[in-house]
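**Student:** Coordinates in entry_5.cif, mmCIF, C-alpha atoms and all ligand atoms, are listed below.
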```
data_structure
#
loop_
_atom_site.label_atom_id
_atom_site.label_comp_id
_atom_site.auth_asym_id
_atom_site.auth_seq_id
_atom_site.Cartn_x
_atom_site.Cartn_y
_atom_site.Cartn_z
CA MET A 1 55.35 25.44 67.49
CA ASN A 2 51.91 26.32 68.91
CA PRO A 3 52.48 29.41 71.12
CA ASN A 4 50.54 27.77 73.97
CA THR A 5 52.87 24.77 74.09
CA ARG A 6 54.12 24.28 77.64
CA PHE A 7 57.76 24.38 78.67
CA GLU A 8 58.26 20.64 79.21
CA THR A 9 56.79 19.85 75.80
CA LEU A 10 58.90 22.52 74.09
CA ALA A 11 62.01 21.17 75.81
CA VAL A 12 61.35 17.74 74.29
CA HIS A 13 60.47 18.90 70.76
CA ALA A 14 62.20 22.24 70.11
CA GLY A 15 64.82 22.04 67.38
CA ARG A 16 63.48 18.68 66.26
CA GLU A 17 60.61 19.95 64.09
CA ASP A 18 62.17 18.69 60.83
CA PHE A 19 63.32 15.26 62.06
CA GLU A 20 60.49 13.33 60.43
CA ALA A 21 61.08 15.02 57.08
CA LEU A 22 64.77 14.18 57.42
CA GLY A 23 63.89 10.58 58.32
CA VAL A 24 65.83 10.69 61.61
CA HIS A 25 65.00 10.44 65.32
CA ALA A 26 68.22 11.85 66.83
CA SER A 27 69.89 15.14 65.96
CA PRO A 28 72.12 14.90 62.87
CA LEU A 29 75.62 15.71 64.10
CA ASP A 30 77.60 17.57 61.43
CA LEU A 31 81.31 17.66 62.25
CA SER A 32 82.46 19.13 58.92
CA SER A 33 85.07 21.84 59.18
CA THR A 34 84.47 22.93 55.60
CA TYR A 35 81.80 22.54 52.91
CA PRO A 36 82.28 21.97 49.16
CA ILE A 37 81.67 25.10 47.07
CA ARG A 38 81.55 24.74 43.29
CA ASP A 39 79.63 27.97 42.59
CA LEU A 40 81.87 30.90 43.64
CA GLU A 41 79.17 33.54 43.38
CA ALA A 42 76.68 31.65 45.56
CA GLY A 43 79.37 30.53 48.06
CA GLY A 44 80.83 34.02 48.26
CA ALA A 45 77.41 35.58 48.82
CA SER A 46 76.75 33.14 51.67
CA LEU A 47 80.12 33.88 53.25
CA GLU A 48 79.49 37.61 53.02
CA ALA A 49 76.04 37.27 54.61
CA MET A 50 77.56 35.41 57.58
CA ALA A 51 80.47 37.85 57.93
CA LEU A 52 77.84 40.57 58.38
CA GLY A 53 76.19 38.57 61.17
CA GLY A 54 73.46 37.00 59.05
CA LEU A 55 72.57 33.38 58.43
CA PRO A 56 74.04 31.32 55.56
CA GLN A 57 72.44 31.80 52.13
CA GLY A 58 72.76 28.14 51.21
CA SER A 59 76.23 26.80 52.06
CA SER A 60 77.69 27.07 55.59
CA VAL A 61 81.05 27.57 53.77
CA TYR A 62 83.28 27.02 56.85
CA ALA A 63 82.40 25.75 60.33
CA ARG A 64 83.77 28.77 62.19
CA LEU A 65 81.03 30.79 60.47
CA HIS A 66 78.07 28.49 60.97
CA ASN A 67 77.24 24.90 61.83
CA PRO A 68 73.81 23.27 61.37
CA THR A 69 74.00 21.23 64.62
CA VAL A 70 74.87 24.37 66.59
CA ALA A 71 72.10 26.34 64.83
CA ARG A 72 69.60 23.62 65.71
CA TYR A 73 70.44 23.92 69.41
CA GLU A 74 70.36 27.72 69.23
CA GLY A 75 66.83 27.59 67.81
CA ALA A 76 65.70 25.25 70.58
CA LEU A 77 67.17 27.30 73.44
CA ALA A 78 65.73 30.52 71.96
CA GLN A 79 62.26 28.95 72.16
CA LEU A 80 62.76 27.99 75.81
CA GLU A 81 63.82 31.53 76.76
CA GLY A 82 61.04 33.10 74.67
CA ALA A 83 63.68 34.83 72.51
CA GLU A 84 63.74 35.61 68.79
CA GLU A 85 67.18 34.05 68.45
CA ALA A 86 70.11 32.56 70.35
CA VAL A 87 73.82 32.56 69.59
CA ALA A 88 76.10 29.84 70.99
CA PHE A 89 79.74 30.23 71.99
CA ALA A 90 82.66 28.03 72.97
CA SER A 91 82.17 28.86 76.68
CA GLY A 92 80.19 31.10 78.98
CA MET A 93 83.14 33.47 79.13
CA ALA A 94 83.37 33.56 75.32
CA ALA A 95 79.68 34.58 75.32
CA VAL A 96 80.18 37.35 77.92
CA THR A 97 83.19 38.60 75.96
CA ALA A 98 81.17 38.71 72.72
CA ILE A 99 78.37 40.67 74.42
CA LEU A 100 80.85 43.19 75.83
CA MET A 101 82.65 43.55 72.47
CA ALA A 102 79.34 44.15 70.70
CA ALA A 103 78.24 46.63 73.38
CA ALA A 104 81.59 48.48 73.14
CA GLN A 105 80.70 49.45 69.55
CA LYS A 106 77.93 51.65 70.98
CA GLY A 107 79.59 53.02 74.13
CA ARG A 108 82.54 52.16 76.31
CA HIS A 109 80.85 52.40 79.71
CA VAL A 110 79.26 49.39 81.40
CA VAL A 111 77.38 49.16 84.71
CA ALA A 112 77.63 45.85 86.58
CA VAL A 113 76.25 44.59 89.88
CA ARG A 114 78.47 42.48 92.17
CA PRO A 115 78.78 39.69 92.98
CA LEU A 116 79.36 38.17 89.56
CA TYR A 117 80.93 34.92 88.45
CA GLY A 118 84.68 35.28 89.17
CA GLY A 119 85.60 35.10 85.49
CA THR A 120 83.11 37.81 84.54
CA ASP A 121 84.35 40.06 87.37
CA HIS A 122 87.93 39.39 86.24
CA LEU A 123 87.13 40.25 82.61
CA LEU A 124 85.38 43.51 83.57
CA ALA A 125 88.06 44.57 86.07
CA SER A 126 91.01 43.58 83.83
CA GLY A 127 90.58 46.45 81.39
CA LEU A 128 91.31 43.95 78.60
CA LEU A 129 88.43 45.17 76.42
CA GLY A 130 89.10 48.86 77.08
CA LEU A 131 85.82 49.30 78.92
CA ASP A 132 85.09 51.70 81.72
CA VAL A 133 83.13 49.72 84.34
CA THR A 134 81.07 51.01 87.26
CA PHE A 135 80.32 48.36 89.87
CA ALA A 136 77.04 49.57 91.37
CA GLU A 137 74.67 48.28 94.02
CA PRO A 138 71.28 47.28 92.56
CA HIS A 139 69.61 50.52 93.75
CA GLU A 140 72.42 52.68 92.30
CA ILE A 141 72.01 51.64 88.66
CA ARG A 142 69.96 54.65 87.55
CA ALA A 143 72.54 57.06 89.00
CA ALA A 144 75.41 55.13 87.38
CA ILE A 145 74.05 55.40 83.82
CA ARG A 146 75.93 57.84 81.54
CA PRO A 147 75.41 58.92 77.90
CA ASP A 148 78.07 56.39 76.84
CA THR A 149 76.66 53.48 78.89
CA SER A 150 76.00 50.59 76.51
CA LEU A 151 75.12 47.75 78.87
CA VAL A 152 73.88 46.92 82.37
CA LEU A 153 75.04 43.50 83.52
CA VAL A 154 73.53 41.53 86.41
CA GLU A 155 73.41 37.95 87.69
CA THR A 156 70.40 36.67 89.57
CA PRO A 157 70.67 34.46 91.52
CA ALA A 158 74.27 35.65 91.60
CA ASN A 159 77.39 33.53 91.77
CA PRO A 160 78.44 32.70 94.48
CA THR A 161 76.19 34.30 97.14
CA LEU A 162 72.80 33.71 95.46
CA GLN A 163 72.04 37.43 95.78
CA LEU A 164 68.75 38.19 94.04
CA VAL A 165 68.35 41.24 91.83
CA ASP A 166 64.91 42.50 90.76
CA ILE A 167 65.16 42.26 86.96
CA ALA A 168 62.14 44.48 86.16
CA ASP A 169 63.48 47.15 88.53
CA VAL A 170 66.93 47.03 86.87
CA VAL A 171 65.29 47.35 83.44
CA ALA A 172 63.30 50.38 84.65
CA GLN A 173 66.43 52.01 86.07
CA ALA A 174 68.43 51.28 82.90
CA GLY A 175 65.93 53.15 80.69
CA THR A 176 67.02 52.73 77.07
CA VAL A 177 70.25 50.91 77.99
CA PRO A 178 70.04 47.15 77.30
CA VAL A 179 70.16 44.85 80.33
CA MET A 180 71.99 41.52 80.28
CA VAL A 181 70.94 38.93 82.85
CA ASP A 182 73.14 35.92 83.57
CA ASN A 183 70.51 33.21 83.98
CA THR A 184 72.95 30.35 84.54
CA PHE A 185 71.77 29.52 88.08
CA ALA A 186 68.03 29.68 87.39
CA THR A 187 67.83 28.21 83.85
CA PRO A 188 64.73 28.98 81.74
CA VAL A 189 62.93 26.37 83.83
CA LEU A 190 62.80 28.73 86.83
CA GLN A 191 63.26 32.22 85.36
CA ARG A 192 62.83 33.91 81.98
CA PRO A 193 64.46 37.36 82.14
CA LEU A 194 63.22 38.49 78.70
CA GLU A 195 59.68 38.43 80.11
CA GLN A 196 60.90 40.93 82.75
CA GLY A 197 62.23 43.28 80.06
CA ALA A 198 65.87 42.17 79.79
CA THR A 199 67.45 42.35 76.31
CA LEU A 200 70.07 39.62 76.66
CA VAL A 201 70.02 36.35 78.60
CA LEU A 202 73.35 34.67 79.14
CA HIS A 203 74.03 31.05 80.07
CA SER A 204 77.14 29.20 80.90
CA GLY A 205 75.90 26.07 79.11
CA THR A 206 78.62 24.27 81.03
CA LYS A 207 76.32 24.22 84.05
CA PHE A 208 72.65 23.13 84.11
CA LEU A 209 72.05 23.24 80.34
CA GLY A 210 74.84 20.73 79.73
CA GLY A 211 73.96 19.21 83.05
CA HIS A 212 76.30 16.23 83.00
CA GLY A 213 79.69 17.80 83.62
CA ASP A 214 81.05 16.99 80.17
CA VAL A 215 80.55 20.14 78.10
CA ILE A 216 81.99 23.67 78.08
CA ALA A 217 79.56 26.05 76.39
CA GLY A 218 77.95 29.47 76.40
CA ILE A 219 74.76 30.76 74.82
CA VAL A 220 72.96 34.10 74.58
CA ALA A 221 69.21 34.40 73.96
CA THR A 222 68.19 37.78 72.58
CA ASN A 223 66.43 39.72 69.82
CA GLY A 224 67.29 39.55 66.10
CA GLU A 225 69.26 42.80 66.11
CA TRP A 226 71.60 41.72 68.91
CA ALA A 227 71.91 38.23 67.42
CA ILE A 228 73.38 39.79 64.26
CA GLU A 229 75.92 41.78 66.30
CA LEU A 230 76.88 38.70 68.33
CA ARG A 231 77.31 36.48 65.28
CA LYS A 232 79.46 39.20 63.71
CA VAL A 233 81.76 39.12 66.75
CA ARG A 234 81.72 35.32 66.72
CA VAL A 235 82.78 35.11 63.07
CA ILE A 236 85.62 37.57 63.64
CA THR A 237 86.90 36.13 66.92
CA GLY A 238 86.22 32.46 66.16
CA ASN A 239 84.40 31.67 69.39
CA ILE A 240 81.70 29.38 68.01
CA LEU A 241 80.49 26.37 70.02
CA HIS A 242 81.79 22.98 68.91
CA PRO A 243 79.06 20.91 67.16
CA LEU A 244 79.60 17.90 69.43
CA ALA A 245 78.99 20.16 72.45
CA ALA A 246 75.85 21.51 70.73
CA TYR A 247 74.70 17.93 70.12
CA LEU A 248 75.15 17.06 73.81
CA LEU A 249 73.40 20.24 74.94
CA HIS A 250 70.46 19.52 72.65
CA ARG A 251 70.37 15.91 73.85
CA GLY A 252 70.07 17.18 77.44
CA LEU A 253 67.22 19.62 76.84
CA PRO A 254 64.31 17.16 77.20
CA THR A 255 65.44 16.29 80.75
CA LEU A 256 66.35 19.86 81.79
CA ALA A 257 63.14 20.54 83.72
CA LEU A 258 63.26 17.11 85.37
CA ARG A 259 66.86 17.56 86.46
CA VAL A 260 66.34 21.12 87.72
CA LYS A 261 63.25 20.21 89.74
CA ALA A 262 64.69 17.02 91.25
CA ALA A 263 67.91 18.80 92.28
CA GLN A 264 65.82 21.65 93.70
CA GLU A 265 63.97 19.18 95.95
CA GLY A 266 67.29 17.86 97.19
CA ALA A 267 68.51 21.41 97.84
CA ALA A 268 65.39 22.19 99.89
CA PHE A 269 66.08 19.15 102.05
CA ILE A 270 69.75 20.08 102.58
CA ALA A 271 68.94 23.75 103.23
CA GLU A 272 66.52 22.80 106.01
CA ARG A 273 69.05 20.46 107.62
CA LEU A 274 71.79 23.10 107.43
CA LYS A 275 69.57 25.52 109.36
CA SER A 276 69.91 23.55 112.55
CA HIS A 277 73.64 22.74 112.31
CA SER A 278 75.80 24.42 114.97
CA GLU A 279 78.75 25.05 112.58
CA VAL A 280 76.59 26.78 109.96
CA GLY A 281 75.89 30.50 110.02
CA GLU A 282 73.89 32.31 107.38
CA ILE A 283 72.41 30.21 104.56
CA HIS A 284 71.93 31.83 101.16
CA TRP A 285 69.25 30.20 99.02
CA PRO A 286 66.34 31.78 97.09
CA GLY A 287 64.01 29.47 99.02
CA PHE A 288 64.79 31.52 102.15
CA ASP A 289 64.41 34.90 100.39
CA THR A 290 62.76 37.61 102.48
CA THR A 291 62.84 40.39 99.84
CA GLY A 292 59.98 39.06 97.72
CA ILE A 293 62.20 39.02 94.60
CA ALA A 294 62.27 35.22 94.29
CA GLN A 295 58.48 35.10 94.48
CA LYS A 296 58.21 37.88 91.88
CA GLN A 297 60.45 36.51 89.13
CA MET A 298 61.28 32.86 89.82
CA SER A 299 59.04 29.80 89.74
CA GLY A 300 61.36 27.92 92.12
CA PRO A 301 64.48 28.50 94.24
CA GLY A 302 66.83 26.19 92.35
CA SER A 303 69.49 23.82 93.60
CA VAL A 304 72.51 26.02 94.28
CA LEU A 305 73.00 27.33 97.78
CA ALA A 306 75.79 28.91 99.79
CA PHE A 307 76.43 28.99 103.51
CA GLU A 308 78.82 30.56 105.97
CA LEU A 309 80.95 28.38 108.21
CA LYS A 310 81.42 29.84 111.68
CA GLY A 311 84.96 28.43 111.73
CA GLY A 312 85.97 30.45 108.64
CA PHE A 313 88.65 29.30 106.22
CA GLU A 314 90.09 26.59 108.52
CA ALA A 315 86.66 25.00 108.76
CA ALA A 316 86.20 25.29 104.99
CA LYS A 317 89.52 23.55 104.32
CA ALA A 318 88.56 20.67 106.61
CA LEU A 319 85.10 20.46 105.04
CA MET A 320 86.53 20.14 101.51
CA ALA A 321 89.01 17.50 102.68
CA SER A 322 86.27 15.52 104.43
CA VAL A 323 83.43 15.16 101.91
CA LYS A 324 83.36 11.67 100.45
CA LEU A 325 80.24 11.48 98.27
CA MET A 326 80.10 15.12 97.18
CA THR A 327 82.66 16.15 94.57
CA PRO A 328 84.96 18.91 95.85
CA ALA A 329 85.16 20.84 92.59
CA VAL A 330 84.28 24.12 90.91
CA SER A 331 81.36 24.31 88.46
CA LEU A 332 77.72 23.56 89.23
CA GLY A 333 74.52 22.18 87.76
CA SER A 334 75.86 18.68 87.22
CA THR A 335 74.18 15.37 88.01
CA ASP A 336 76.57 14.96 90.95
CA THR A 337 76.75 17.34 93.92
CA LEU A 338 79.62 19.83 93.67
CA ILE A 339 80.99 21.76 96.63
CA GLN A 340 83.65 24.48 96.52
CA HIS A 341 85.13 27.48 98.28
CA PRO A 342 84.58 30.65 96.18
CA ALA A 343 87.23 32.87 97.82
CA ALA A 344 89.94 30.24 97.24
CA LEU A 345 88.79 29.01 93.82
CA THR A 346 86.07 30.43 91.53
CA HIS A 347 86.39 33.97 92.88
CA ARG A 348 90.12 33.93 93.66
CA VAL A 349 90.75 36.33 90.76
CA VAL A 350 88.31 38.92 92.15
CA SER A 351 90.03 41.87 93.85
CA GLU A 352 89.80 42.20 97.65
CA ALA A 353 87.51 45.22 97.17
CA GLY A 354 85.38 43.20 94.78
CA LYS A 355 85.10 40.31 97.21
CA LYS A 356 84.10 42.74 99.94
CA GLN A 357 81.50 44.44 97.74
CA GLY A 358 80.13 41.03 96.71
CA HIS A 359 80.12 39.67 100.30
CA ILE A 360 82.42 36.77 99.39
CA SER A 361 83.83 35.87 102.80
CA MET A 362 86.53 33.34 103.77
CA GLY A 363 83.91 31.17 105.48
CA LEU A 364 81.61 30.99 102.45
CA VAL A 365 81.01 27.61 100.83
CA ARG A 366 78.99 27.07 97.65
CA LEU A 367 77.02 23.89 97.15
CA SER A 368 75.38 22.72 93.91
CA VAL A 369 73.04 19.90 94.88
CA GLY A 370 72.87 17.08 92.35
CA LEU A 371 70.57 14.13 91.80
CA GLU A 372 71.81 11.80 94.56
CA HIS A 373 69.35 10.84 97.32
CA PRO A 374 69.16 13.82 99.71
CA GLU A 375 69.56 11.59 102.80
CA ASP A 376 72.87 10.25 101.43
CA LEU A 377 74.01 13.79 100.68
CA TRP A 378 73.11 15.00 104.14
CA ALA A 379 74.91 12.08 105.80
CA ASP A 380 78.05 13.03 103.88
CA LEU A 381 77.77 16.77 104.49
CA ASN A 382 76.97 16.28 108.16
CA GLN A 383 80.06 14.15 108.83
CA ALA A 384 82.18 16.69 106.93
CA LEU A 385 80.69 19.54 108.98
CA VAL A 386 81.58 17.68 112.19
CA ALA A 387 85.19 17.43 110.92
CA ALA A 388 85.12 21.13 109.99
CA GLU A 389 83.84 22.11 113.42
CA LYS A 390 86.59 20.08 115.11
CA ALA A 391 89.33 21.55 112.91
CA ALA A 392 88.17 25.10 113.64
CA ALA A 393 87.91 24.36 117.41
CA ILE A 394 91.49 23.02 117.58
CA LEU A 395 92.83 26.18 115.96
CA ALA A 396 90.66 28.53 117.99
C1 LIG B 401 80.47 29.29 85.04
C2 LIG B 401 79.80 30.59 84.88
C3 LIG B 401 80.12 31.47 83.84
C4 LIG B 401 81.25 31.18 82.86
O1 LIG B 401 80.96 30.08 82.06
P1 LIG B 401 82.08 29.10 81.42
O2 LIG B 401 81.27 28.16 80.63
O3 LIG B 401 82.82 28.48 82.58
O4 LIG B 401 82.99 29.96 80.59
C5 LIG B 401 79.40 32.64 83.72
N1 LIG B 401 78.42 32.96 84.60
C6 LIG B 401 78.10 32.14 85.62
C7 LIG B 401 77.01 32.55 86.56
C8 LIG B 401 78.77 30.94 85.80
O5 LIG B 401 78.45 30.16 86.85
#
```
When written as structure tokens, how does the structure in this file appear?

**Tutor:**
Amino acid sequence: MNPNTRFETLAVHAGREDFEALGVHASPLDLSSTYPIRDLEAGGASLEAMALGGLPQGSSVYARLHNPTVARYEGALAQLEGAEEAVAFASGMAAVTAILMAAAQKGRHVVAVRPLYGGTDHLLASGLLGLDVTFAEPHEIRAAIRPDTSLVLVETPANPTLQLVDIADVVAQAGTVPVMVDNTFATPVLQRPLEQGATLVLHSGTKFLGGHGDVIAGIVATNGEWAIELRKVRVITGNILHPLAAYLLHRGLPTLALRVKAAQEGAAFIAERLKSHSEVGEIHWPGFDTTGIAQKQMSGPGSVLAFELKGGFEAAKALMASVKLMTPAVSLGSTDTLIQHPAALTHRVVSEAGKKQGHISMGLVRLSVGLEHPEDLWADLNQALVAAEKAAAILA
């Protein structure tokens, strides 16, 4: 597409360039698990190309190796992130795992900044992949790099505290070591890490990219070299995205910017209201950033926020039990508003030391504002906060 094409236009048309030639208006959904091969030499050559991380030379051969509907979505997302290629996985965690397995081929040491999504922290801390991990503060990255460091991993805004990390600064500190940025919270609508020098952009497609709470997916936008390594891991481990999920993700792309911006407006409204509530302590939201990082690398603050309840865990329990309109559930970036308690749920698997390092307190609540009317959301949250305040007062 024309390199000057704007984001919203790309989001509508990317991955649909050949529709007219195909005579279709919606994405052809190919659910084949296998493909007929009459010519053994040609089929074998295609299989071998894919086993080496390349693209099919003709036949897709077998759907664990390649699927045209998945490839179509990968091409579209790559365009939105300004990447050469993208590689899609069965979940965000499958994508993180593939990146770490590919990185481990070059060196077994990884530097990561906390907080991270609970699953990512768990994977890194588990030792499952045989990696040596240094959890560093953002300003300690340079000092943490070793000759065998193969990856620097950051989230910004980070899950669940919305901590912001200066991507260009991390890239400078990392030197020749590739930097992976988890862009799940910001989406390419609000932040494009490759423009800041990152090598890999990760998304849990389960969140904003899927956007409707009905898909589990992961995708990595990167350069051609890394895409080959990631596809190689994907072929071997069998972690490819399901084509129906790819279809739904692609179907949601044209409305991504609309959804992200509308939810962001709702979040701004809620964040302002929270400021003056007696039960609410610190509010974490890029819109209230005082470091200048949000301004530097994001075009908007997004719709996920976190806040501290003065009444701690007892208040949080009462809050979760009292919301009526908001959905008390993990995950984020859906059309409906989701509220959850990281220490008890998404970050339960993070060690005590990890929670401390990541500032994940017992009074912290994470809120992903959806597309409901902000006044209705506030009415619900306000009554739940009153219940939370009462519960904490009784126990105090
Ligand atoms: C949810 C999430 C993940 C993991 O994605 P899944 O699709 O649940 O496997 C990774 N990073 C962040 C920031 C997330 O919020």

**Student:** Restrict the calculation to all atoms listed in the file, then for each residue of chain A with any atom at most 10 Å from an atom of ligand LIG 401 (chain B) give the closest atom pair and their distance in Å to one decimal, rows by chain and rising residue number, as a Markdown table.

**Tutor:**
```
| residue | atom | partner | partner_atom | distance |
| --- | --- | --- | --- | --- |
| A:Phe89 | CA | B:LIG401 | O2 | 9.0 |
| A:Ala90 | CA | B:LIG401 | O2 | 7.8 |
| A:Ser91 | CA | B:LIG401 | O2 | 4.1 |
| A:Gly92 | CA | B:LIG401 | O1 | 3.3 |
| A:Met93 | CA | B:LIG401 | O4 | 3.8 |
| A:Ala94 | CA | B:LIG401 | O4 | 6.4 |
| A:Ala95 | CA | B:LIG401 | O4 | 7.8 |
| A:Val96 | CA | B:LIG401 | C5 | 7.5 |
| A:Thr97 | CA | B:LIG401 | O4 | 9.8 |
| A:Pro115 | CA | B:LIG401 | C7 | 9.8 |
| A:Leu116 | CA | B:LIG401 | C7 | 6.8 |
| A:Tyr117 | CA | B:LIG401 | C6 | 4.9 |
| A:Gly118 | CA | B:LIG401 | C3 | 8.0 |
| A:Gly119 | CA | B:LIG401 | C4 | 6.4 |
| A:Thr120 | CA | B:LIG401 | C5 | 6.4 |
| A:Asp121 | CA | B:LIG401 | C5 | 9.6 |
| A:Val154 | CA | B:LIG401 | C7 | 9.6 |
| A:Glu155 | CA | B:LIG401 | C7 | 6.6 |
| A:Thr156 | CA | B:LIG401 | C7 | 8.4 |
| A:Pro157 | CA | B:LIG401 | C7 | 8.3 |
| A:Ala158 | CA | B:LIG401 | C7 | 6.5 |
| A:Asn159 | CA | B:LIG401 | C7 | 5.3 |
| A:Pro160 | CA | B:LIG401 | O5 | 8.0 |
| A:Leu162 | CA | B:LIG401 | C7 | 9.9 |
| A:Val181 | CA | B:LIG401 | C7 | 9.6 |
| A:Asp182 | CA | B:LIG401 | C7 | 5.9 |
| A:Asn183 | CA | B:LIG401 | C7 | 7.0 |
| A:Thr184 | CA | B:LIG401 | C7 | 5.0 |
| A:Phe185 | CA | B:LIG401 | C7 | 6.2 |
| A:Ala186 | CA | B:LIG401 | C7 | 9.5 |
| A:Leu202 | CA | B:LIG401 | N1 | 7.6 |
| A:His203 | CA | B:LIG401 | N1 | 6.6 |
| A:Ser204 | CA | B:LIG401 | O1 | 4.1 |
| A:Gly205 | CA | B:LIG401 | O2 | 6.0 |
| A:Thr206 | CA | B:LIG401 | O2 | 4.7 |
| A:Lys207 | CA | B:LIG401 | C1 | 6.6 |
| A:Phe208 | CA | B:LIG401 | O5 | 9.5 |
| A:Gly210 | CA | B:LIG401 | O2 | 9.9 |
| A:Val215 | CA | B:LIG401 | O2 | 8.4 |
| A:Ile216 | CA | B:LIG401 | O2 | 5.2 |
| A:Ala217 | CA | B:LIG401 | O2 | 5.0 |
| A:Gly218 | CA | B:LIG401 | O2 | 5.5 |
| A:Ile219 | CA | B:LIG401 | O2 | 9.1 |
| A:Val330 | CA | B:LIG401 | C1 | 8.7 |
| A:Ser331 | CA | B:LIG401 | C1 | 6.1 |
| A:Leu332 | CA | B:LIG401 | O5 | 7.1 |
| A:Gly333 | CA | B:LIG401 | O5 | 8.9 |
| A:Thr346 | CA | B:LIG401 | C1 | 8.6 |
```

**Student:** Put those residues in a file: C-alpha atoms, as a PDB file, keeping the file's coordinate frame.

**Tutor:**
```
ATOM      1  CA  PHE A  89      79.740  30.230  71.990  1.00  0.00           C
ATOM      2  CA  ALA A  90      82.660  28.030  72.970  1.00  0.00           C
ATOM      3  CA  SER A  91      82.170  28.860  76.680  1.00  0.00           C
ATOM      4  CA  GLY A  92      80.190  31.100  78.980  1.00  0.00           C
ATOM      5  CA  MET A  93      83.140  33.470  79.130  1.00  0.00           C
ATOM      6  CA  ALA A  94      83.370  33.560  75.320  1.00  0.00           C
ATOM      7  CA  ALA A  95      79.680  34.580  75.320  1.00  0.00           C
ATOM      8  CA  VAL A  96      80.180  37.350  77.920  1.00  0.00           C
ATOM      9  CA  THR A  97      83.190  38.600  75.960  1.00  0.00           C
ATOM     10  CA  PRO A 115      78.780  39.690  92.980  1.00  0.00           C
ATOM     11  CA  LEU A 116      79.360  38.170  89.560  1.00  0.00           C
ATOM     12  CA  TYR A 117      80.930  34.920  88.450  1.00  0.00           C
ATOM     13  CA  GLY A 118      84.680  35.280  89.170  1.00  0.00           C
ATOM     14  CA  GLY A 119      85.600  35.100  85.490  1.00  0.00           C
ATOM     15  CA  THR A 120      83.110  37.810  84.540  1.00  0.00           C
ATOM     16  CA  ASP A 121      84.350  40.060  87.370  1.00  0.00           C
ATOM     17  CA  VAL A 154      73.530  41.530  86.410  1.00  0.00           C
ATOM     18  CA  GLU A 155      73.410  37.950  87.690  1.00  0.00           C
ATOM     19  CA  THR A 156      70.400  36.670  89.570  1.00  0.00           C
ATOM     20  CA  PRO A 157      70.670  34.460  91.520  1.00  0.00           C
ATOM     21  CA  ALA A 158      74.270  35.650  91.600  1.00  0.00           C
ATOM     22  CA  ASN A 159      77.390  33.530  91.770  1.00  0.00           C
ATOM     23  CA  PRO A 160      78.440  32.700  94.480  1.00  0.00           C
ATOM     24  CA  LEU A 162      72.800  33.710  95.460  1.00  0.00           C
ATOM     25  CA  VAL A 181      70.940  38.930  82.850  1.00  0.00           C
ATOM     26  CA  ASP A 182      73.140  35.920  83.570  1.00  0.00           C
ATOM     27  CA  ASN A 183      70.510  33.210  83.980  1.00  0.00           C
ATOM     28  CA  THR A 184      72.950  30.350  84.540  1.00  0.00           C
ATOM     29  CA  PHE A 185      71.770  29.520  88.080  1.00  0.00           C
ATOM     30  CA  ALA A 186      68.030  29.680  87.390  1.00  0.00           C
ATOM     31  CA  LEU A 202      73.350  34.670  79.140  1.00  0.00           C
ATOM     32  CA  HIS A 203      74.030  31.050  80.070  1.00  0.00           C
ATOM     33  CA  SER A 204      77.140  29.200  80.900  1.00  0.00           C
ATOM     34  CA  GLY A 205      75.900  26.070  79.110  1.00  0.00           C
ATOM     35  CA  THR A 206      78.620  24.270  81.030  1.00  0.00           C
ATOM     36  CA  LYS A 207      76.320  24.220  84.050  1.00  0.00           C
ATOM     37  CA  PHE A 208      72.650  23.130  84.110  1.00  0.00           C
ATOM     38  CA  GLY A 210      74.840  20.730  79.730  1.00  0.00           C
ATOM     39  CA  VAL A 215      80.550  20.140  78.100  1.00  0.00           C
ATOM     40  CA  ILE A 216      81.990  23.670  78.080  1.00  0.00           C
ATOM     41  CA  ALA A 217      79.560  26.050  76.390  1.00  0.00           C
ATOM     42  CA  GLY A 218      77.950  29.470  76.400  1.00  0.00           C
ATOM     43  CA  ILE A 219      74.760  30.760  74.820  1.00  0.00           C
ATOM     44  CA  VAL A 330      84.280  24.120  90.910  1.00  0.00           C
ATOM     45  CA  SER A 331      81.360  24.310  88.460  1.00  0.00           C
ATOM     46  CA  LEU A 332      77.720  23.560  89.230  1.00  0.00           C
ATOM     47  CA  GLY A 333      74.520  22.180  87.760  1.00  0.00           C
ATOM     48  CA  THR A 346      86.070  30.430  91.530  1.00  0.00           C
TER      49      THR A 346
END
```

**Student:** Please compute the CA of Gly266 (chain A)-CA of Asp214 (chain A) distance, one decimal, in Å.

**Tutor:** 21.9 Å

**Student:** Is it possible to get the residues within 8 Å of (78.7, 48.6, 79.9) (coordinates as in the file, counting only C-alpha atoms) written as a PyMOL selection string?

**Tutor:** chain A and resi 100+103-104+107-112+131-133+149-153

**Student:** Go ahead and write the selection's residues with C-alpha atoms as a tab-separated table (two decimals), keeping the file's coordinate frame.

**Tutor:**
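Output (out_14.tsv):
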```
chain	number	residue	atom	x	y	z
A	100	LEU	CA	80.85	43.19	75.83
A	103	ALA	CA	78.24	46.63	73.38
A	104	ALA	CA	81.59	48.48	73.14
A	107	GLY	CA	79.59	53.02	74.13
A	108	ARG	CA	82.54	52.16	76.31
A	109	HIS	CA	80.85	52.40	79.71
A	110	VAL	CA	79.26	49.39	81.40
A	111	VAL	CA	77.38	49.16	84.71
A	112	ALA	CA	77.63	45.85	86.58
A	131	LEU	CA	85.82	49.30	78.92
A	132	ASP	CA	85.09	51.70	81.72
A	133	VAL	CA	83.13	49.72	84.34
A	149	THR	CA	76.66	53.48	78.89
A	150	SER	CA	76.00	50.59	76.51
A	151	LEU	CA	75.12	47.75	78.87
A	152	VAL	CA	73.88	46.92	82.37
A	153	LEU	CA	75.04	43.50	83.52
```

**Student:** Could you check the closest approach to Val12 (chain A) for each of A:Pro243, A:Gly130, A:Gly252, A:Gly287 and tell me which residue wins, using all atoms listed in the file?

**Tutor:**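 Ranking A:Pro243, A:Gly130, A:Gly252, A:Gly287 by distance to Val12 (chain A), first place goes to A:Gly252.
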